[in-house]
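K.L.:
Structure file target11.cif, mmCIF, C-alpha atoms, is pasted below:
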data_target
loop_
_atom_site.label_atom_id
_atom_site.label_comp_id
_atom_site.auth_asym_id
_atom_site.auth_seq_id
_atom_site.Cartn_x
_atom_site.Cartn_y
_atom_site.Cartn_z
CA GLN A 26 0.00 0.00 0.00
CA VAL A 27 1.19 3.54 -0.88
CA HIS A 28 -0.01 6.75 0.72
CA LEU A 29 0.57 10.02 -1.15
CA VAL A 30 0.88 13.44 0.48
CA GLU A 31 0.70 16.46 -1.82
CA SER A 32 1.63 20.05 -1.08
CA GLY A 33 2.35 23.33 -2.83
CA GLY A 34 -0.88 24.35 -4.48
CA GLY A 35 -2.33 27.83 -4.17
CA SER A 36 -3.27 30.99 -6.01
CA VAL A 37 -0.97 32.98 -8.24
CA GLN A 38 -1.22 35.62 -10.91
CA ALA A 39 -0.62 34.79 -14.55
CA GLY A 40 3.07 34.61 -15.29
CA GLY A 41 3.88 33.45 -11.80
CA SER A 42 5.31 30.18 -10.52
CA LEU A 43 4.35 27.40 -8.16
CA ARG A 44 6.03 24.18 -7.09
CA LEU A 45 4.07 21.08 -6.24
CA SER A 46 5.45 18.21 -4.18
CA CYS A 47 4.18 14.70 -3.64
CA ALA A 48 5.74 12.28 -1.17
CA ALA A 49 4.96 8.58 -1.35
CA PHE A 50 4.89 6.56 1.85
CA GLY A 51 4.75 2.79 1.94
CA SER A 52 6.84 -0.08 3.16
CA ARG A 53 8.72 -2.33 0.79
CA VAL A 54 7.31 -0.63 -2.25
CA SER A 55 9.15 -0.22 -5.50
CA ILE A 56 7.94 2.93 -7.20
CA ASP A 57 8.09 2.93 -10.97
CA ILE A 58 6.36 5.93 -12.54
CA MET A 59 5.50 9.17 -10.75
CA GLY A 60 3.40 11.82 -12.35
CA TRP A 61 0.94 14.68 -12.18
CA TYR A 62 -2.51 14.93 -13.68
CA ARG A 63 -4.96 17.80 -13.57
CA GLN A 64 -8.67 18.29 -13.82
CA GLY A 65 -10.11 21.67 -14.69
CA PRO A 66 -13.72 22.71 -14.05
CA GLY A 67 -16.01 20.60 -16.20
CA LYS A 68 -13.11 18.78 -17.80
CA GLN A 69 -11.67 15.29 -17.66
CA ARG A 70 -8.50 14.44 -15.77
CA ASP A 71 -5.51 14.73 -18.10
CA LEU A 72 -1.82 13.95 -17.86
CA VAL A 73 0.43 16.91 -17.14
CA ALA A 74 3.81 15.18 -16.79
CA LEU A 75 5.35 11.93 -15.70
CA ILE A 76 8.80 10.63 -14.87
CA THR A 77 10.06 7.07 -14.73
CA SER A 78 12.41 5.62 -12.15
CA GLY A 79 15.18 6.03 -14.72
CA GLY A 80 14.46 9.70 -15.21
CA THR A 81 12.66 9.61 -18.54
CA THR A 82 10.04 12.37 -18.72
CA ASN A 83 6.91 13.00 -20.72
CA TYR A 84 4.91 16.23 -20.85
CA ALA A 85 1.59 17.35 -22.18
CA ASP A 86 2.10 19.66 -25.14
CA SER A 87 0.35 22.49 -23.31
CA VAL A 88 2.99 22.62 -20.58
CA LYS A 89 6.19 21.87 -22.49
CA GLY A 90 8.81 24.53 -21.86
CA ARG A 91 6.96 25.88 -18.82
CA PHE A 92 6.69 22.95 -16.40
CA THR A 93 9.48 20.67 -15.16
CA ILE A 94 8.96 17.36 -13.40
CA SER A 95 11.66 15.84 -11.23
CA ARG A 96 11.94 13.20 -8.54
CA ASP A 97 14.07 12.29 -5.58
CA ASN A 98 14.16 8.51 -5.47
CA ALA A 99 15.76 8.45 -2.02
CA LYS A 100 12.78 10.39 -0.65
CA ASN A 101 10.14 8.83 -2.94
CA THR A 102 9.09 12.37 -3.81
CA VAL A 103 8.08 13.91 -7.11
CA TYR A 104 8.06 17.63 -7.85
CA LEU A 105 6.38 19.76 -10.46
CA GLN A 106 7.91 23.19 -11.04
CA MET A 107 5.37 25.33 -12.85
CA ASN A 108 6.54 28.58 -14.44
CA SER A 109 4.85 31.12 -16.67
CA LEU A 110 1.49 30.00 -15.38
CA LYS A 111 -1.60 30.78 -17.42
CA SER A 112 -5.24 31.02 -16.43
CA GLU A 113 -5.89 27.80 -18.35
CA ASP A 114 -3.57 26.00 -15.92
CA THR A 115 -6.22 26.46 -13.23
CA ALA A 116 -7.21 22.99 -12.05
CA VAL A 117 -6.99 20.46 -9.28
CA TYR A 118 -3.63 18.74 -9.64
CA TYR A 119 -3.36 15.08 -8.66
CA CYS A 120 -0.22 13.13 -7.94
CA ASN A 121 -0.12 9.63 -9.42
CA VAL A 122 2.26 6.83 -8.60
CA VAL A 123 2.62 3.41 -10.18
CA ALA A 124 4.13 0.91 -7.76
CA SER A 125 4.20 -2.83 -8.16
CA VAL A 126 1.80 -2.52 -11.11
CA ARG A 127 -0.79 -0.72 -8.99
CA ASP A 128 -2.03 2.85 -9.40
CA TYR A 129 -2.20 5.26 -6.48
CA TRP A 130 -3.66 8.80 -6.39
CA GLY A 131 -3.18 11.75 -4.12
CA GLN A 132 -6.07 13.76 -2.73
CA GLY A 133 -5.49 16.63 -5.14
CA THR A 134 -4.28 20.18 -4.64
CA GLN A 135 -5.92 23.27 -6.11
CA VAL A 136 -3.95 25.57 -8.39
CA THR A 137 -5.67 28.83 -9.33
CA VAL A 138 -4.13 31.25 -11.80
CA SER A 139 -5.73 34.66 -12.12
CA SER A 140 -5.27 36.82 -15.17
#
Would you kindly transcribe this structure into structure tokens?

P.N.:
Amino acid sequence: QVHLVESGGGSVQAGGSLRLSCAAFGSRVSIDIMGWYRQGPGKQRDLVALITSGGTTNYADSVKGRFTISRDNAKNTVYLQMNSLKSEDTAVYYCNVVASVRDYWGQGTQVTVSS
């Protein structure tokens, strides 16, 4: 079993930055993929970025060049640095972890970008 604790959401003006963190807690768990998804008002939940245990990354086209995902394997923590934020980035951001072929989700953290 894996428990995810997210932090770092909040409100910011367009052009600003935020950093999200997600720590994974669980005994004897091998974490494979760590990632972030988001769900805007009235929209489906979509991938923002993910990173494998080997450091390979994948980004949604809408955030390429603005967001950076990274992870600290020793701490089982994934980060999402979000720069040049736009109003369309407003959403609830969810941490996702794949460990031992199971999916785990965080509780979500609100990011609000005002123009």

K.L.:
Written as a list in words, which residues does the PyMOL selection byres ((chain A and resi 51) around 8) give for the file shown?

P.N.:
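Applying the PyMOL selection byres ((chain A and resi 51) around 8) to the structure shown produces Gln26, Val27, His28, Ala49, Phe50, Ser52, Arg53 and Val54 of chain A.
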
K.L.:
Keeping C-alpha atoms for every residue in the selection just given, could you write it to a file as a PDB file, keeping the file's coordinate frame?

P.N.:
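This went into selection09.pdb:
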ATOM      1  CA  GLN A  26       0.000   0.000   0.000  1.00  0.00           C
ATOM      2  CA  VAL A  27       1.190   3.540  -0.880  1.00  0.00           C
ATOM      3  CA  HIS A  28      -0.010   6.750   0.720  1.00  0.00           C
ATOM      4  CA  ALA A  49       4.960   8.580  -1.350  1.00  0.00           C
ATOM      5  CA  PHE A  50       4.890   6.560   1.850  1.00  0.00           C
ATOM      6  CA  SER A  52       6.840  -0.080   3.160  1.00  0.00           C
ATOM      7  CA  ARG A  53       8.720  -2.330   0.790  1.00  0.00           C
ATOM      8  CA  VAL A  54       7.310  -0.630  -2.250  1.00  0.00           C
TER       9      VAL A  54
END

K.L.:
Once the PyMOL selection byres ((chain A and resi 60-72) around 8) has been applied to the shown file, what residues remain in the selection, as a list in words?

P.N.:
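Evaluating the PyMOL selection byres ((chain A and resi 60-72) around 8) on this file yields Ile58, Met59, Val73, Ala74, Leu75, Ile76, Tyr84, Ala85, Ile94, Val103, Leu105, Asp114, Thr115, Ala116, Val117, Tyr118, Tyr119, Cys120, Asn121 and Val122 of chain A.
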
K.L.:
Tell me which of A:Arg44, A:Arg91, A:Arg96, A:Lys111 sits closest to Thr134 in chain A, counting all atoms listed in the file.

P.N.:
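Selected residue with least distance to Thr134 in chain A: A:Arg44.
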
K.L.:
Would you pick out the contacts of range 99-102 of chain A at 7 Å or less, using all atoms listed in the file, so that residues sharing its chain but fewer than 4 positions from it are not included, and give the list as a list in words?

P.N.:
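Here the answer would be Ser46, Cys47, Ala48 and Ala49 of chain A.
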
K.L.:
What does the file look like for those residues with C-alpha atoms, as a short mmCIF file (atom, residue, chain, number, x, y, z; two decimals), in the frame of the given file?

P.N.:
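Result saved to part04.cif:
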data_model
loop_
_atom_site.label_atom_id
_atom_site.label_comp_id
_atom_site.auth_asym_id
_atom_site.auth_seq_id
_atom_site.Cartn_x
_atom_site.Cartn_y
_atom_site.Cartn_z
CA SER A 46 5.45 18.21 -4.18
CA CYS A 47 4.18 14.70 -3.64
CA ALA A 48 5.74 12.28 -1.17
CA ALA A 49 4.96 8.58 -1.35
#

K.L.:
List the residues selected by the PyMOL selection byres ((chain A and resi 137) around 7) in the file shown, writing them as JSON, numbers by chain.

P.N.:
{"A": [35, 36, 37, 115, 116, 135, 136, 138, 139]}

K.L.:
Kindly give the distance, in Å, that separates CA of Gly79 in chain A and CA of Ser42 in chain A, rounded to a single decimal.

P.N.:
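Straight-line distance from CA of Gly79 in chain A to CA of Ser42 in chain A works out to 26.4 Å.
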
K.L.:
Could you give me, as an NGL selection string, the residues that have an atom at most 7 Å away from the point (4.3, 23.8, -16.3) in the coordinates of the file, using all atoms listed in the file?

P.N.:
:A and (88-89 or 91-93 or 106-108 or 110)

K.L.:
How many Å lie between CA of Gly34 in chain A and CA of Ile56 in chain A, rounded to one decimal?

P.N.:
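We find that CA of Gly34 in chain A and CA of Ile56 in chain A lie 23.3 Å from each other.
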
K.L.:
Report, as JSON, the axis-aligned box around all atoms of range 73-87 of chain A present in the file, extended by 4 Å on each side; give centre and edge lengths in Å to one decimal place.

P.N.:
{"center_x": 7.8, "center_y": 14.1, "center_z": -18.6, "size_x": 22.8, "size_y": 24.9, "size_z": 21.0}

K.L.:
Please measure the separation of CA of Glu31 in chain A and CA of Leu45 in chain A, giving the value in Å to one decimal.

P.N.:
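Result for CA of Glu31 in chain A versus CA of Leu45 in chain A: 7.2 Å, one decimal.
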
K.L.:
Restricting the calculation to all atoms listed in the file, which member of A:Asp128, A:Leu43, A:Gly80, A:Glu113 is positioned closest to Asp97 in chain A?

P.N.:
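With all atoms listed in the file as the atom set, the closest residue is A:Gly80.
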